[in-house]
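Notes follow the structure.
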Amino acid sequence: MAGTSSASAKPEVIDLTKLSPDQLMQIKQELKQEMGNIQESLSTLHGCKAKYAGSKEALETFQPDWENRQILVPLTSSMYVPGRVKDLNNFVIDIGTGYYIEKDLEGSKDYFKRRVEYVQEQIEEIEKIHLQKTRFLNCVVGVLEMKQAQQQQQQQQQSNQSA
């Protein structure tokens with residue numbers, strides 16, 4: 001079987017000082033675009049984490065004497081309908097893409113706790129990537145500024161020699 005192991009593959013190292021200013025500008029733009037996408041992902045994940053945490057907090061408020069208690073049930077983020085608590089040990093949870101599961105109160109709390117933890121782990125991983133991209137962008141900008149300063153210096157020398 002032909003192929004290379006990803007563990008043995010070494011990342012390609014590029015000497016930024018050997019790239020032209022145009023190439024550096026292109027890398028800078030691509031990095032900025034990637035970082036914008038990362039920011040959007042982080043924002044989405046923070047929103048998901050808040051929803052899961054809110055669901056867990058809502059479950060924490062349930063009391064054993066709430067059987068047949070009237071509550072407001074959210075249909076959308078801004079529309080609620082009256083409802084009654086029928087069974088405190090039977091919750092229907094939306095697990096995504098139109099699928100629902102039934103769990104008891106403790107199982108429901110645990111589910112949302114695990115989801116919050118998982119999303120937090122994803123946020124931390126993406127933040128690491130964002131930090132790496134920020135560092136690389138700073139390197140690219142530094143080299144680009146150095147090259148632009150060199151070009152200006154060369155242009156000044158040429159104009160001084162012409163005069």
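We name chains A, B, ... following the order of the structure tokens; residues begin at 1 in each chain, and ligands are numbered from 1 as shown.
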
Selection near segment 95-110 of chain A, 9 Å with only C-alpha atoms, sequence-local residues under 5 positions removed, as a list in words: Ser55, Lys56, Glu57, Leu59, Glu60, Phe62, Leu88, Asn89, Asn90 and Arg115 of chain A

Could the residues of segment 54-163 of chain A that have an atom at most 12 Å from segment 40-43 of chain A be listed as JSON lines, each with its closest atom pair and the distance in Å to one decimal, counting only C-alpha atoms and ordered by chain and ascending residue number?
```
{"residue": "A:Val119", "atom": "CA", "partner": "A:Leu42", "partner_atom": "CA", "distance": 10.0}
{"residue": "A:Gln120", "atom": "CA", "partner": "A:Leu42", "partner_atom": "CA", "distance": 10.2}
{"residue": "A:Glu121", "atom": "CA", "partner": "A:Leu42", "partner_atom": "CA", "distance": 11.5}
{"residue": "A:Gln122", "atom": "CA", "partner": "A:Leu42", "partner_atom": "CA", "distance": 8.9}
{"residue": "A:Ile123", "atom": "CA", "partner": "A:Leu42", "partner_atom": "CA", "distance": 6.3}
{"residue": "A:Glu124", "atom": "CA", "partner": "A:Leu42", "partner_atom": "CA", "distance": 9.3}
{"residue": "A:Glu125", "atom": "CA", "partner": "A:Leu42", "partner_atom": "CA", "distance": 10.1}
{"residue": "A:Ile126", "atom": "CA", "partner": "A:Leu42", "partner_atom": "CA", "distance": 7.2}
{"residue": "A:Glu127", "atom": "CA", "partner": "A:Leu42", "partner_atom": "CA", "distance": 7.8}
{"residue": "A:Lys128", "atom": "CA", "partner": "A:Leu42", "partner_atom": "CA", "distance": 11.4}
{"residue": "A:Ile129", "atom": "CA", "partner": "A:Leu42", "partner_atom": "CA", "distance": 11.1}
{"residue": "A:His130", "atom": "CA", "partner": "A:Leu42", "partner_atom": "CA", "distance": 9.6}
```

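Closest approach to Glu117 of chain A among A:Cys48, A:Ile71, A:Val143, A:Ala149: A:Cys48, based on only C-alpha atoms.
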
Select from segment 50-152 of chain A everything DSSP, run on the backbone, classes as strand (DSSP E or B), then give the selection as a PyMOL selection string. chain A and resi 70-74+80-84+91-96+99-103

Report as number ranges by chain all protein, DNA and RNA residues lying within 12 Å of Leu19 of chain A, evaluated on only C-alpha atoms, omitting residues in the same chain fewer than 3 positions from it. A: 14-16, 22-27, 140, 143-144, 146-147

Could you write those residues out with C-alpha atoms, as an mmCIF file, in the first residue's frame?
```
data_model
loop_
_atom_site.group_PDB
_atom_site.id
_atom_site.type_symbol
_atom_site.label_atom_id
_atom_site.label_comp_id
_atom_site.auth_asym_id
_atom_site.auth_seq_id
_atom_site.Cartn_x
_atom_site.Cartn_y
_atom_site.Cartn_z
ATOM 1 C CA ILE A 14 8.295 28.922 4.254
ATOM 2 C CA ASP A 15 10.837 31.684 4.681
ATOM 3 C CA LEU A 16 8.645 34.787 4.628
ATOM 4 C CA ASP A 22 2.476 40.897 -3.341
ATOM 5 C CA GLN A 23 2.696 37.321 -2.078
ATOM 6 C CA LEU A 24 2.822 38.558 1.509
ATOM 7 C CA MET A 25 -0.233 40.758 0.902
ATOM 8 C CA GLN A 26 -2.099 37.735 -0.480
ATOM 9 C CA ILE A 27 -1.166 35.641 2.574
ATOM 10 C CA VAL A 140 3.590 38.290 7.895
ATOM 11 C CA VAL A 143 7.981 41.065 7.166
ATOM 12 C CA LEU A 144 5.684 42.960 4.791
ATOM 13 C CA MET A 146 10.102 45.523 6.474
ATOM 14 C CA LYS A 147 9.984 44.817 2.721
#
```

What is the distance, in Å and to one decimal place, between atom CA of Ala53 of chain A and atom CA of Leu75 of chain A? 18.4 Å

What lies within 10 Å of segment 80-83 of chain A using only C-alpha atoms, ignoring chain neighbours under 3 positions off, as JSON, numbers by chain? {"A": [68, 69, 70, 71, 72, 73, 74, 75, 76, 77, 86]}

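A straight line drawn from atom CA of Met35 of chain A to atom CA of Thr134 of chain A is 7.8 Å long.
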
Using the chain letters and numbers from this document, which residues of segment 61-138 of chain A does DSSP assign to alpha helix (DSSP H), as a ChimeraX atom specification? /A:105-138
